[in-house]
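Data file: structure30.cif. Format and content: mmCIF, C-alpha atoms.
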data_run
#
loop_
_atom_site.label_atom_id
_atom_site.label_comp_id
_atom_site.auth_asym_id
_atom_site.auth_seq_id
_atom_site.Cartn_x
_atom_site.Cartn_y
_atom_site.Cartn_z
CA MET A 1 -19.83 -18.05 -21.85
CA ALA A 2 -20.54 -14.64 -20.54
CA GLY A 3 -20.73 -12.63 -17.40
CA GLU A 4 -18.87 -9.78 -15.90
CA LYS A 5 -15.37 -10.06 -14.57
CA LEU A 6 -15.26 -11.10 -10.93
CA SER A 7 -12.85 -9.21 -8.73
CA ALA A 8 -11.79 -8.71 -5.15
CA SER A 9 -8.99 -6.86 -3.39
CA ALA A 10 -7.66 -5.96 0.03
CA TYR A 11 -4.33 -4.56 1.20
CA ASP A 12 -1.82 -5.60 -1.50
CA PHE A 13 -3.87 -8.61 -2.64
CA SER A 14 -6.08 -8.66 -5.70
CA ALA A 15 -8.04 -11.35 -7.51
CA GLU A 16 -9.83 -11.47 -10.84
CA ALA A 17 -11.75 -14.11 -12.76
CA TRP A 18 -13.17 -14.04 -16.24
CA SER A 19 -14.52 -16.45 -18.79
CA GLU A 20 -12.67 -17.43 -21.93
CA VAL A 21 -13.29 -20.06 -24.58
CA GLU A 22 -10.71 -22.34 -22.94
CA GLY A 23 -12.44 -22.10 -19.58
CA LEU A 24 -12.46 -19.90 -16.53
CA GLN A 25 -9.35 -17.81 -15.94
CA VAL A 26 -8.54 -16.83 -12.36
CA LYS A 27 -5.61 -14.65 -11.34
CA LEU A 28 -4.31 -13.94 -7.83
CA VAL A 29 -1.73 -11.18 -7.27
CA GLY A 30 0.19 -9.96 -4.22
CA THR A 31 0.15 -11.46 -0.75
CA ALA A 32 -2.59 -13.75 0.56
CA ASP A 33 -2.32 -13.81 4.34
CA MET A 34 -4.67 -13.83 7.33
CA SER A 35 -5.81 -10.30 6.58
CA ILE A 36 -7.45 -11.34 3.33
CA ARG A 37 -8.67 -14.84 4.11
CA ASP A 38 -12.35 -13.89 4.19
CA VAL A 39 -11.97 -11.90 0.97
CA LEU A 40 -10.43 -14.92 -0.75
CA SER A 41 -13.04 -17.29 0.64
CA GLU A 42 -15.90 -15.19 -0.68
CA PHE A 43 -14.14 -14.68 -4.04
CA LEU A 44 -13.52 -18.40 -4.56
CA ALA A 45 -17.17 -19.17 -3.74
CA ARG A 46 -18.18 -16.78 -6.54
CA VAL A 47 -15.61 -18.36 -8.88
CA HIS A 48 -17.07 -21.79 -8.16
CA GLN A 49 -20.60 -20.60 -8.90
CA ARG A 50 -19.41 -19.00 -12.16
CA ALA A 51 -17.65 -22.22 -13.17
CA LEU A 52 -20.82 -24.22 -12.52
CA GLY A 53 -22.98 -21.70 -14.34
CA ASP A 54 -20.69 -21.70 -17.36
CA ARG A 55 -20.34 -25.48 -17.17
CA VAL A 56 -16.60 -25.14 -17.73
CA ALA A 57 -14.33 -28.14 -18.11
CA GLU A 58 -11.37 -26.31 -16.63
CA ALA A 59 -10.41 -23.35 -14.46
CA THR A 60 -6.88 -22.00 -14.64
CA LEU A 61 -5.57 -20.36 -11.48
CA ASP A 62 -2.67 -18.08 -12.33
CA LEU A 63 -0.41 -17.71 -9.30
CA ARG A 64 2.64 -16.33 -11.07
CA GLN A 65 2.34 -12.98 -9.37
CA LEU A 66 1.27 -14.29 -5.99
CA VAL A 67 4.22 -13.50 -3.75
CA PHE A 68 3.03 -15.45 -0.71
CA MET A 69 0.07 -17.46 0.49
CA ASN A 70 -0.44 -18.47 4.11
CA SER A 71 -1.84 -21.78 5.31
CA ALA A 72 -5.30 -20.36 6.00
CA CYS A 73 -5.58 -19.21 2.38
CA LEU A 74 -4.20 -22.54 1.15
CA LYS A 75 -7.03 -24.07 3.12
CA GLU A 76 -9.49 -21.93 1.14
CA LEU A 77 -8.09 -23.48 -2.04
CA ALA A 78 -8.56 -26.89 -0.39
CA VAL A 79 -12.19 -25.97 0.32
CA TRP A 80 -12.67 -25.08 -3.36
CA ILE A 81 -11.15 -28.39 -4.44
CA GLY A 82 -13.38 -30.20 -1.93
CA ASP A 83 -16.45 -28.44 -3.32
CA ILE A 84 -15.61 -29.75 -6.80
CA GLN A 85 -14.93 -33.25 -5.52
CA GLU A 86 -18.37 -33.35 -3.91
CA LEU A 87 -20.11 -32.66 -7.22
CA PRO A 88 -21.55 -35.44 -9.37
CA ALA A 89 -18.83 -36.62 -11.75
CA ALA A 90 -20.52 -35.02 -14.76
CA ASP A 91 -20.45 -31.58 -13.14
CA ARG A 92 -16.85 -31.58 -11.99
CA TYR A 93 -14.23 -29.39 -13.59
CA ARG A 94 -10.46 -29.47 -13.47
CA ILE A 95 -8.19 -26.88 -11.87
CA VAL A 96 -4.83 -25.98 -13.41
CA LEU A 97 -2.50 -24.25 -10.97
CA HIS A 98 -0.14 -22.06 -13.00
CA SER A 99 2.95 -21.40 -10.90
CA SER A 100 6.21 -19.50 -11.12
CA PRO A 101 9.50 -21.37 -10.65
CA GLU A 102 10.91 -18.15 -9.22
CA ILE A 103 8.48 -18.15 -6.27
CA LEU A 104 9.90 -21.00 -4.30
CA TRP A 105 7.12 -21.71 -1.74
CA GLN A 106 4.78 -22.54 -4.62
CA ARG A 107 6.43 -25.82 -5.55
CA ARG A 108 5.73 -27.56 -2.26
CA SER A 109 2.37 -25.90 -1.56
CA LEU A 110 1.00 -26.73 -4.98
CA GLU A 111 2.32 -30.27 -4.80
CA ALA A 112 0.21 -30.73 -1.68
CA LEU A 113 -2.88 -29.25 -3.36
CA ALA A 114 -2.34 -31.46 -6.41
CA ARG A 115 -2.16 -34.50 -4.18
CA LEU A 116 -5.35 -33.39 -2.42
CA GLY A 117 -7.11 -32.85 -5.75
CA ASP A 118 -5.96 -36.13 -7.24
CA ASP A 119 -6.74 -36.11 -10.97
CA LEU A 120 -8.79 -32.90 -10.74
CA VAL A 121 -5.77 -30.67 -10.07
CA THR A 122 -2.61 -30.26 -12.11
CA VAL A 123 0.32 -27.91 -11.71
CA ARG A 124 1.79 -26.04 -14.65
CA VAL A 125 5.17 -24.33 -14.23
CA MET B 1 25.68 -25.34 -3.19
CA SER B 2 25.29 -22.68 -0.58
CA SER B 3 27.73 -20.50 1.22
CA THR B 4 27.13 -19.91 4.90
CA VAL B 5 28.25 -17.22 7.26
CA CYS B 6 27.13 -18.09 10.76
CA GLY B 7 26.17 -15.51 13.30
CA LEU B 8 22.74 -14.19 12.38
CA ARG B 9 20.88 -13.13 15.52
CA LEU B 10 17.44 -11.67 15.16
CA GLN B 11 15.38 -11.09 18.24
CA LEU B 12 12.04 -9.43 17.73
CA ARG B 13 9.68 -8.49 20.50
CA LEU B 14 6.50 -7.46 18.88
CA ASP B 15 2.83 -6.82 18.81
CA ALA B 16 1.79 -9.63 16.49
CA ASP B 17 -0.71 -7.50 14.64
CA PRO B 18 -2.08 -9.36 11.62
CA VAL B 19 -1.14 -6.54 9.28
CA LEU B 20 2.50 -6.73 10.43
CA VAL B 21 2.98 -10.45 9.90
CA SER B 22 3.85 -10.22 6.21
CA VAL B 23 6.07 -7.20 6.89
CA THR B 24 7.99 -9.23 9.48
CA ARG B 25 8.25 -12.22 7.13
CA ARG B 26 9.85 -10.01 4.49
CA PHE B 27 12.26 -8.59 7.07
CA VAL B 28 13.35 -12.09 8.14
CA GLU B 29 13.73 -13.08 4.50
CA GLU B 30 15.88 -10.04 3.66
CA ALA B 31 18.04 -10.50 6.76
CA LEU B 32 18.72 -14.20 6.11
CA LYS B 33 19.58 -13.52 2.48
CA ARG B 34 22.58 -11.56 3.74
CA PHE B 35 23.95 -14.72 5.36
CA VAL B 36 23.02 -17.65 3.12
CA SER B 37 22.81 -18.04 -0.63
CA ASP B 38 20.41 -21.00 -0.59
CA ARG B 39 17.19 -19.37 -1.85
CA ASP B 40 15.12 -22.43 -1.03
CA LEU B 41 16.29 -22.32 2.60
CA VAL B 42 15.47 -18.61 2.81
CA SER B 43 12.00 -19.24 1.41
CA ARG B 44 11.32 -22.08 3.88
CA VAL B 45 12.51 -20.01 6.85
CA ALA B 46 10.41 -17.01 5.77
CA MET B 47 7.31 -19.21 5.44
CA THR B 48 7.98 -20.69 8.87
CA ALA B 49 8.35 -17.25 10.45
CA HIS B 50 5.08 -16.23 8.85
CA GLU B 51 3.10 -19.22 10.09
CA LEU B 52 4.51 -18.90 13.63
CA LEU B 53 3.69 -15.20 13.77
CA GLU B 54 0.15 -15.80 12.54
CA ASN B 55 -0.29 -18.27 15.39
CA ALA B 56 0.80 -15.52 17.76
CA ALA B 57 -1.50 -13.00 16.10
CA LYS B 58 -4.43 -15.34 16.65
CA TYR B 59 -3.67 -16.86 20.03
CA ALA B 60 -1.10 -14.81 21.98
CA ARG B 61 -2.29 -12.96 25.07
CA ASP B 62 -2.54 -9.29 24.10
CA ARG B 63 -0.80 -10.35 20.87
CA ASN B 64 2.59 -9.96 22.59
CA ALA B 65 5.17 -12.36 21.18
CA GLU B 66 8.90 -12.85 20.86
CA LEU B 67 10.39 -14.28 17.71
CA SER B 68 14.05 -15.12 17.34
CA VAL B 69 15.82 -16.33 14.22
CA THR B 70 19.39 -17.50 14.53
CA LEU B 71 21.95 -19.05 12.24
CA ASP B 72 24.55 -21.02 14.19
CA ASP B 73 27.51 -23.20 13.49
CA ASN B 74 26.72 -26.68 14.76
CA GLY B 75 29.87 -28.80 14.43
CA GLY B 76 30.81 -27.21 11.14
CA LYS B 77 27.29 -27.26 9.77
CA GLY B 78 24.93 -24.34 9.81
CA VAL B 79 21.56 -24.59 11.53
CA VAL B 80 18.73 -22.11 11.35
CA THR B 81 16.55 -21.95 14.45
CA LEU B 82 13.28 -20.07 14.81
CA ARG B 83 11.80 -19.68 18.25
CA LEU B 84 8.40 -18.14 19.00
CA SER B 85 7.29 -17.52 22.59
CA ASN B 86 4.04 -16.06 23.80
CA GLU B 87 1.58 -16.30 26.62
CA THR B 88 -1.68 -17.92 25.67
CA THR B 89 -4.75 -19.60 27.12
CA PRO B 90 -4.76 -23.06 28.75
CA ALA B 91 -7.19 -24.16 26.05
CA HIS B 92 -4.76 -23.19 23.31
CA ILE B 93 -1.87 -24.91 25.10
CA ASP B 94 -3.96 -28.09 25.22
CA ARG B 95 -4.64 -27.74 21.53
CA LEU B 96 -0.93 -27.22 20.78
CA ARG B 97 -0.13 -30.39 22.72
CA GLN B 98 -2.68 -32.33 20.67
CA ILE B 99 -1.25 -30.99 17.40
CA PHE B 100 2.32 -31.81 18.44
CA SER B 101 1.27 -35.28 19.48
CA GLU B 102 0.01 -35.86 15.95
CA LEU B 103 3.06 -34.24 14.34
CA ASP B 104 5.48 -36.23 16.50
CA ALA B 105 3.81 -39.50 15.54
CA CYS B 106 3.84 -38.72 11.83
CA ARG B 107 6.24 -40.53 9.53
CA ASP B 108 5.21 -38.82 6.31
CA PRO B 109 4.80 -35.06 6.81
CA LEU B 110 3.36 -34.44 3.34
CA SER B 111 0.68 -37.10 3.77
CA LEU B 112 -0.30 -35.66 7.15
CA TYR B 113 -0.41 -32.14 5.69
CA VAL B 114 -2.71 -33.25 2.85
CA GLU B 115 -4.87 -35.23 5.28
CA LEU B 116 -5.25 -32.12 7.48
CA MET B 117 -6.20 -30.06 4.42
CA ARG B 118 -8.93 -32.60 3.69
CA ARG B 119 -10.05 -32.91 7.32
CA ASN B 120 -10.07 -29.18 8.13
CA ALA B 121 -11.62 -28.03 4.87
CA ARG B 122 -15.06 -28.43 6.46
CA ARG B 123 -14.12 -26.70 9.69
CA PRO B 124 -14.63 -22.97 9.16
CA ASP B 125 -13.40 -22.10 12.66
CA VAL B 126 -9.82 -23.25 12.26
CA SER B 127 -7.09 -23.46 9.66
CA GLY B 128 -5.07 -25.98 11.62
CA LEU B 129 -2.50 -26.29 8.85
CA GLY B 130 0.29 -23.94 9.90
CA LEU B 131 2.45 -26.31 11.94
CA ALA B 132 1.92 -29.20 9.53
CA ARG B 133 2.96 -26.88 6.72
CA ILE B 134 6.14 -25.96 8.59
CA LEU B 135 6.92 -29.66 9.00
CA ALA B 136 6.08 -30.69 5.42
CA GLU B 137 6.96 -27.68 3.31
CA GLY B 138 9.48 -26.08 5.62
CA GLU B 139 11.29 -29.39 6.21
CA MET B 140 11.79 -28.28 9.80
CA THR B 141 12.00 -30.26 13.00
CA LEU B 142 9.50 -28.89 15.50
CA GLY B 143 9.39 -28.79 19.28
CA LEU B 144 7.02 -27.42 21.89
CA SER B 145 7.79 -26.42 25.46
CA VAL B 146 5.40 -24.94 27.97
CA ASP B 147 6.24 -22.91 31.06
CA GLY B 148 3.09 -21.87 32.90
CA ARG B 149 1.03 -20.03 30.32
CA THR B 150 3.97 -19.39 28.01
CA ALA B 151 4.24 -21.65 24.97
CA THR B 152 7.47 -21.80 22.99
CA ILE B 153 7.64 -23.39 19.56
CA VAL B 154 11.07 -24.12 18.12
CA ALA B 155 11.65 -24.92 14.46
CA ARG B 156 15.05 -26.00 13.12
CA THR B 157 16.51 -26.85 9.76
CA PRO B 158 20.07 -27.53 8.68
CA VAL B 159 21.86 -25.42 6.12
CA ARG B 160 22.63 -27.74 3.25
CA THR B 161 26.14 -27.59 1.82
#
Show how you would write the structure in this file as structure tokens.
Amino acid sequence: MAGEKLSASAYDFSAEAWSEVEGLQVKLVGTADMSIRDVLSEFLARVHQRALGDRVAEATLDLRQLVFMNSACLKELAVWIGDIQELPAADRYRIVLHSSPEILWQRRSLEALARLGDDLVTVRV
Amino acid sequence: MSSTVCGLRLQLRLDADPVLVSVTRRFVEEALKRFVSDRDLVSRVAMTAHELLENAAKYARDRNAELSVTLDDNGGKGVVTLRLSNETTPAHIDRLRQIFSELDACRDPLSLYVELMRRNARRPDVSGLGLARILAEGEMTLGLSVDGRTATIVARTPVRT
């Protein structure tokens, strides 16, 4: 596993992804609203390509410092999950959504994403 | 357990600029916190305000919109009501009617929300999730009224005691 750290930012949103032995680590911080949707979309596409290139079994998405995410950005996460679901079974990887119990919107939003992702997506609190 | 003091009246007439939507959400959140102690309710109302304002930012004529947030006593029980009004295009009003037709017929808001995530994931032109999110995550009742070119969306949720 190698490669430079991926990053993106706009307004008070920032995103980073890097490879570790356990898999791909992805961290989103700040507010993800309509102003940063395109930034997030492009970032997640790069994350997906890195995950495929590294042939990871798992990507952990750390949302513990993500204050808010709007529905358009949630849709971008749904697109990412859909991209994984369309892969041949051998190429798929799991997503772990690491949430904060203190950020209350996350419980319901991530429950919906977990249902969408079926056994590919789990939520860790 | 939540304590309620009824009487919150917020009326905002604004330019629904995309960069102001999150600012307004935080303002609504901070204002409601002064009146209710139920953090989950405050979070759901703030999310609802955000999604409604983003609709206005995308579809309102000249981005002019009015948002009101009220906390009323309804027979001894508190009710939070959000109301967003803006002028928009006939095409968008038709689309709102279609969305509300689907929302009104839905018996399981979470299943509809997940289905829309799946369905809209391959449609780059629209999100199409905001109102379903309000219904499923916000646990709101939703209504639409149209007067000429002005669309008004009303979202309500009780204050749990």
Closest pair table for chain B residues within 8 Å of chain A, all atoms listed in the file, as a tab-separated table:
residue	atom	partner	partner_atom	distance
B:Pro18	CA	A:Ser35	CA	6.3
B:Val19	CA	A:Ser35	CA	6.6
B:Ser22	CA	A:Asp33	CA	7.4
B:Arg39	CA	A:Leu104	CA	7.9
B:Asp40	CA	A:Leu104	CA	6.3
B:Ser43	CA	A:Trp105	CA	6.3
B:Arg44	CA	A:Trp105	CA	7.0
B:Met47	CA	A:Trp105	CA	7.6
B:His50	CA	A:Asn70	CA	7.6
B:Glu51	CA	A:Asn70	CA	7.0
B:Glu54	CA	A:Met34	CA	7.4
B:Leu110	CA	A:Ala112	CA	7.0
B:Tyr113	CA	A:Ala112	CA	7.5
B:Val114	CA	A:Leu116	CA	5.9
B:Glu115	CA	A:Leu116	CA	7.9
B:Met117	CA	A:Lys75	CA	6.2
B:Arg118	CA	A:Ala78	CA	7.0
B:Asn120	CA	A:Lys75	CA	7.8
B:Ala121	CA	A:Val79	CA	5.0
B:Arg122	CA	A:Val79	CA	7.2
B:Ser127	CA	A:Ala72	CA	5.1
B:Gly128	CA	A:Ala72	CA	8.0
B:Leu129	CA	A:Ser71	CA	5.8
B:Gly130	CA	A:Ser71	CA	5.5
B:Arg133	CA	A:Ser71	CA	7.1
B:Glu137	CA	A:Arg108	CA	5.7
Around segment 30-46 of chain B, with edges along x, y and z and 4 Å added on all six sides, what centre and edge lengths do you get, in Å to one decimal, as JSON?
{"center_x": 17.2, "center_y": -16.2, "center_z": 2.5, "size_x": 21.5, "size_y": 20.4, "size_z": 16.7}
Residues matched by the PyMOL selection byres ((chain B and resi 62) around 10), written as a ChimeraX atom specification: /B:15-17,56-61,63-65,86-88
Quick one: residues within 8 Å of Asp62 of chain A, all atoms listed in the file counted, chain neighbours fewer than 2 positions away excluded, as an mmCIF file with C-alpha atoms, in the frame of the given file?
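Saved as result_24.cif:
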data_model
loop_
_atom_site.group_PDB
_atom_site.id
_atom_site.type_symbol
_atom_site.label_atom_id
_atom_site.label_comp_id
_atom_site.auth_asym_id
_atom_site.auth_seq_id
_atom_site.Cartn_x
_atom_site.Cartn_y
_atom_site.Cartn_z
ATOM 1 C CA GLN A 25 -9.350 -17.810 -15.940
ATOM 2 C CA VAL A 26 -8.540 -16.830 -12.360
ATOM 3 C CA LYS A 27 -5.610 -14.650 -11.340
ATOM 4 C CA LEU A 28 -4.310 -13.940 -7.830
ATOM 5 C CA THR A 60 -6.880 -22.000 -14.640
ATOM 6 C CA ARG A 64 2.640 -16.330 -11.070
ATOM 7 C CA GLN A 65 2.340 -12.980 -9.370
ATOM 8 C CA LEU A 97 -2.500 -24.250 -10.970
ATOM 9 C CA HIS A 98 -0.140 -22.060 -13.000
ATOM 10 C CA SER A 99 2.950 -21.400 -10.900
#
Nearest to Ser41 of chain A by atom-to-atom distance, counting all atoms listed in the file, from B:Thr152, B:Pro124, B:Ser145, B:Asp108: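 Result for the nearest residue to Ser41 of chain A: B:Pro124.
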Result set, the PyMOL selection byres ((chain B and resi 9) around 10) on current file, as a list of chain:residue names: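 Checked against the file, the PyMOL selection byres ((chain B and resi 9) around 10) matches B:Cys6, B:Gly7, B:Leu8, B:Leu10, B:Gln11, B:Leu12, B:Ala31, B:Leu32, B:Ser68, B:Val69, B:Thr70, B:Leu71, B:Asp72, B:Thr81.
Restricting the calculation to only C-alpha atoms, the smallest distance between Val39 of chain A and any of A:Ala8, A:Leu87, A:Val21, A:Ile95 is found for A:Ala8.
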Atomic distance atom CA of Ala45 of chain A - atom CA of Glu20 of chain A, expressed in Å with one decimal: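 So the answer is 18.8 Å.
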Counting only C-alpha atoms, the residue of A:Val123, A:Ala51, A:Leu110, A:Gly30 that sits nearest Asp12 of chain A: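 Looking only at the distances to Asp12 of chain A, the closest residue turns out to be A:Gly30.
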Distance in Å - atom CA of Leu67 of chain B versus atom CA of Arg83 of chain B: 5.6 Å
Distance in Å - atom CA of Ile134 of chain B versus atom CA of Arg94 of chain A: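 The value is 27.8 Å.
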Point (2.4, -32.6, 12.3) neighbourhood (6 Å, all atoms listed in the file) written as a PyMOL selection string: chain B and resi 102-103+132
Given the PyMOL selection byres ((chain B and resi 157) around 9), the residues it picks as a ChimeraX atom specification: /B:41,45,78-81,138-141,155-156,158-160
Surrounding residues of Ser101 of chain B excluding itself and chain neighbours under 6 positions, 12 Å, all atoms listed in the file, as number ranges by chain: B: 94-95, 131-132, 142-144
